[in-house]
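Here's the structure we're looking at; comments come further down.
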Amino acid sequence: MIFARQHPQNLVPLVYVVYQKRRPNGSIITYIVMEYFHGRQIDRAWKTMDEARRLHVVSVLRDALKVIRAIPPPDYFGGLEMAKLDSELFRTREPDPSRHGPFKTADEFICGIVNCFRGYADNSHEPEIGDFYDQREDYYSRNLPLVLKGNGKSVSTHSDLNRKNIIVGPEGEVAIIDWAASGWYPIWWEYAVTAECCGNWRNDWQNYIPKFLGEYPNQYAWFHILRTDLRF
């Protein structure tokens with residue numbers, strides 16, 4: 001959030017302090033104290049908004065994402081300052097840079113996704129489920145490099161731009177929250193995640209996504225299949 005606020009400042013709440021406490025069981029919990037933004041999440045407000053207000057929100061998002069995506073990228077795919085990727089496709093049971101990054105190239109990024117299926121197969125206690133992930137790993141290792149095409153460079157990405165993370169104020173102000181999964185991803189990733197988070201397609205939000213993000217429908221389709229398989 002601190003990094004993002006250096007760019008589209010008016011869309012990211014100000015962070016006042018971050019601190020940690022140790023729980024009785026020894027685990028660490030992190031607290032973030034930040035600016036309060038008065039408004040409603042888009043998923044709750046959307047049906048009450050007229051077309052003019054919807055288009056205003058979309059315009060603000062489009063301008064903000066242009067700024068975010070124009071940040072000069074590093075020479076890797078991963079979290080900020082070479083951290084691991086926190087998106088759900090890369091959340092593995094055990095720390096493993098081959099599965100959650102950072103990755104040097106776009107091909108390594110795709111291999112990281114494939115390796116997550118190997119991780120699930122290795123950790124499965126049920127032979128049939130292990131076989132499922134083994135077979136999917138083989139299939140994806142052949143085909144994902146062919147279908148998940150980008151431009152070879154990473155781009156600054158929120159990576160969880162669902163409607164719950166977009167807040168609209170009473171005067172049309174807009175804020176984007178929950179930057180935990182953000183990082184440097186392929187150019188198609190933001191669209192794929194955002195299209196996947198359409199709330200079971202119960203309203204017309206999907207019609208507005210192309211107004212603030214370039215469309216990558218083929219990559220989204222494969223992203224959807226990957227998420228479905230990892231929930232097997």
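By convention in this document, the chains of the structure tokens carry letters A, B, ... by their order, each chain's residues are numbered from 1, and ligands are numbered from 1 in the order they are shown.
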
Could you build a table of the residues in stretch 3-29 of chain A lying no more than 10 Å from stretch 33-51 of chain A, giving for each the nearest pair of atoms and their separation in Å rounded to one decimal place, using only C-alpha atoms, ordered by chain and ascending residue number, as a Markdown table?
| residue | atom | partner | partner_atom | distance |
| --- | --- | --- | --- | --- |
| A:Leu11 | CA | A:Phe37 | CA | 9.9 |
| A:Val12 | CA | A:Glu35 | CA | 9.1 |
| A:Pro13 | CA | A:Glu35 | CA | 5.3 |
| A:Leu14 | CA | A:Glu35 | CA | 5.1 |
| A:Val15 | CA | A:Met34 | CA | 4.2 |
| A:Tyr16 | CA | A:Met34 | CA | 5.2 |
| A:Val17 | CA | A:Val33 | CA | 5.3 |
| A:Val18 | CA | A:Val33 | CA | 6.3 |
| A:Tyr19 | CA | A:Val33 | CA | 8.6 |

Contacts of stretch 180-214 of chain A with stretch 159-167 of chain A up to 8 Å, shortest pair per row, only C-alpha atoms, as a tab-separated table:
residue	atom	partner	partner_atom	distance
A:Ala181	CA	A:Ser159	CA	5.7
A:Ser182	CA	A:Ser159	CA	5.2
A:Gly183	CA	A:Ser159	CA	7.5
A:Trp189	CA	A:Ser159	CA	7.2
A:Glu190	CA	A:Ser159	CA	5.6
A:Val193	CA	A:Ser159	CA	6.3
A:Thr194	CA	A:Leu161	CA	5.4
A:Cys197	CA	A:Asn162	CA	5.2
A:Cys198	CA	A:Asn162	CA	7.2

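Reported to one decimal place, the separation of atom CA of A:Val58 from atom CA of A:Ala221 is 23.2 Å.
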
Can you check which residues of chain A DSSP gives as alpha helix (DSSP H) on the backbone and send them as JSON, numbers by chain?
{"A": [2, 3, 4, 5, 42, 43, 44, 45, 51, 52, 53, 54, 55, 56, 57, 58, 59, 60, 61, 62, 63, 64, 65, 66, 67, 68, 69, 97, 98, 99, 100, 106, 107, 108, 109, 110, 111, 112, 113, 114, 115, 116, 117, 118, 119, 120, 121, 122, 123, 127, 128, 129, 130, 131, 132, 133, 134, 135, 136, 137, 138, 139, 140, 141, 142, 143, 144, 145, 146, 147, 189, 190, 191, 192, 193, 194, 195, 196, 205, 206, 207, 208, 217, 218, 219, 220, 221, 222, 223, 224, 225, 226, 227, 228, 229, 230]}

Strand (DSSP E) positions in stretch 1-214 of chain A, given as a PyMOL selection string:
chain A and resi 15-22+28-34+40-41+154-157+166-168+174-176+183-186

Take the selection from the previous step and output its residues with C-alpha atoms, as an mmCIF file, in the first residue's frame.
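And here is the file that came out, selection.cif:
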data_model
loop_
_atom_site.group_PDB
_atom_site.id
_atom_site.type_symbol
_atom_site.label_atom_id
_atom_site.label_comp_id
_atom_site.auth_asym_id
_atom_site.auth_seq_id
_atom_site.Cartn_x
_atom_site.Cartn_y
_atom_site.Cartn_z
ATOM 1 C CA VAL A 15 -0.949 3.792 6.076
ATOM 2 C CA TYR A 16 -0.220 5.252 9.513
ATOM 3 C CA VAL A 17 1.599 2.390 11.188
ATOM 4 C CA VAL A 18 2.312 -1.335 10.835
ATOM 5 C CA TYR A 19 3.189 -3.449 13.869
ATOM 6 C CA GLN A 20 3.269 -7.083 14.943
ATOM 7 C CA LYS A 21 2.367 -9.066 18.048
ATOM 8 C CA ARG A 22 3.172 -12.612 19.010
ATOM 9 C CA ILE A 28 2.867 -13.634 14.588
ATOM 10 C CA ILE A 29 -0.084 -11.425 13.710
ATOM 11 C CA THR A 30 0.423 -8.190 11.776
ATOM 12 C CA TYR A 31 -1.728 -5.096 12.305
ATOM 13 C CA ILE A 32 -2.133 -2.255 9.815
ATOM 14 C CA VAL A 33 -3.553 1.070 11.000
ATOM 15 C CA MET A 34 -4.673 3.107 8.004
ATOM 16 C CA ARG A 40 -19.463 1.390 0.184
ATOM 17 C CA GLN A 41 -17.890 -1.560 -1.559
ATOM 18 C CA SER A 154 6.153 -7.961 -15.904
ATOM 19 C CA VAL A 155 3.737 -5.173 -15.024
ATOM 20 C CA SER A 156 2.695 -3.702 -11.679
ATOM 21 C CA THR A 157 -0.527 -5.508 -10.733
ATOM 22 C CA ILE A 166 -13.131 -1.143 -4.678
ATOM 23 C CA ILE A 167 -14.881 1.410 -2.446
ATOM 24 C CA VAL A 168 -17.009 4.300 -3.688
ATOM 25 C CA VAL A 174 -12.885 5.851 -5.232
ATOM 26 C CA ALA A 175 -10.431 3.839 -3.142
ATOM 27 C CA ILE A 176 -8.660 0.533 -3.847
ATOM 28 C CA GLY A 183 3.347 -7.564 -7.368
ATOM 29 C CA TRP A 184 4.916 -7.912 -10.798
ATOM 30 C CA TYR A 185 2.870 -10.221 -13.016
ATOM 31 C CA PRO A 186 2.368 -10.825 -16.774
#

Residue neighbourhood A:Arg227, 12 Å, only C-alpha atoms, exclusion window fewer than 3 positions, as a list in words:
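So the residues in contact are Ser87, Glu88, Leu89, Phe90, Arg91, Ile113, Cys116, Phe117, Ala192, Val193, Glu196, Cys197, Tyr220, Ala221, Trp222, Phe223, His224, Leu230, Arg231 and Phe232 of chain A.
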
Neighbour list for A:Lys211 as a list in words, cut-off 12 Å, only C-alpha atoms, skip fewer than 2 positions in-chain
Arg54, Leu55, His56, Val57, Val58, Ser59, Val60, Leu61, Arg62, Asp63, Leu65, Lys66, Tyr191, Trp205, Gln206, Asn207, Tyr208, Ile209, Leu213, Gly214 and Glu215 of chain A

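In this structure, atom CA of A:Leu144 sits 9.4 Å away from atom CA of A:Asp107.
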
Taking only C-alpha atoms into account, which of A:Leu148, A:Arg202, A:Asp75, A:His158 comes nearest A:Tyr216?
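Closest to A:Tyr216, using only C-alpha atoms: A:Leu148.
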
Please measure the separation of atom CA of A:Trp188 and atom CA of A:Ser141, giving the value in Å to one decimal.
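Straight-line distance from atom CA of A:Trp188 to atom CA of A:Ser141 works out to 19.1 Å.
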
Polymer residues at most 10 Å from A:Arg118, only C-alpha atoms, same-chain spacing of 5 or more positions, as a VMD selection string:
chain A and resid 99 112 to 113 123 to 124 130 133 to 138
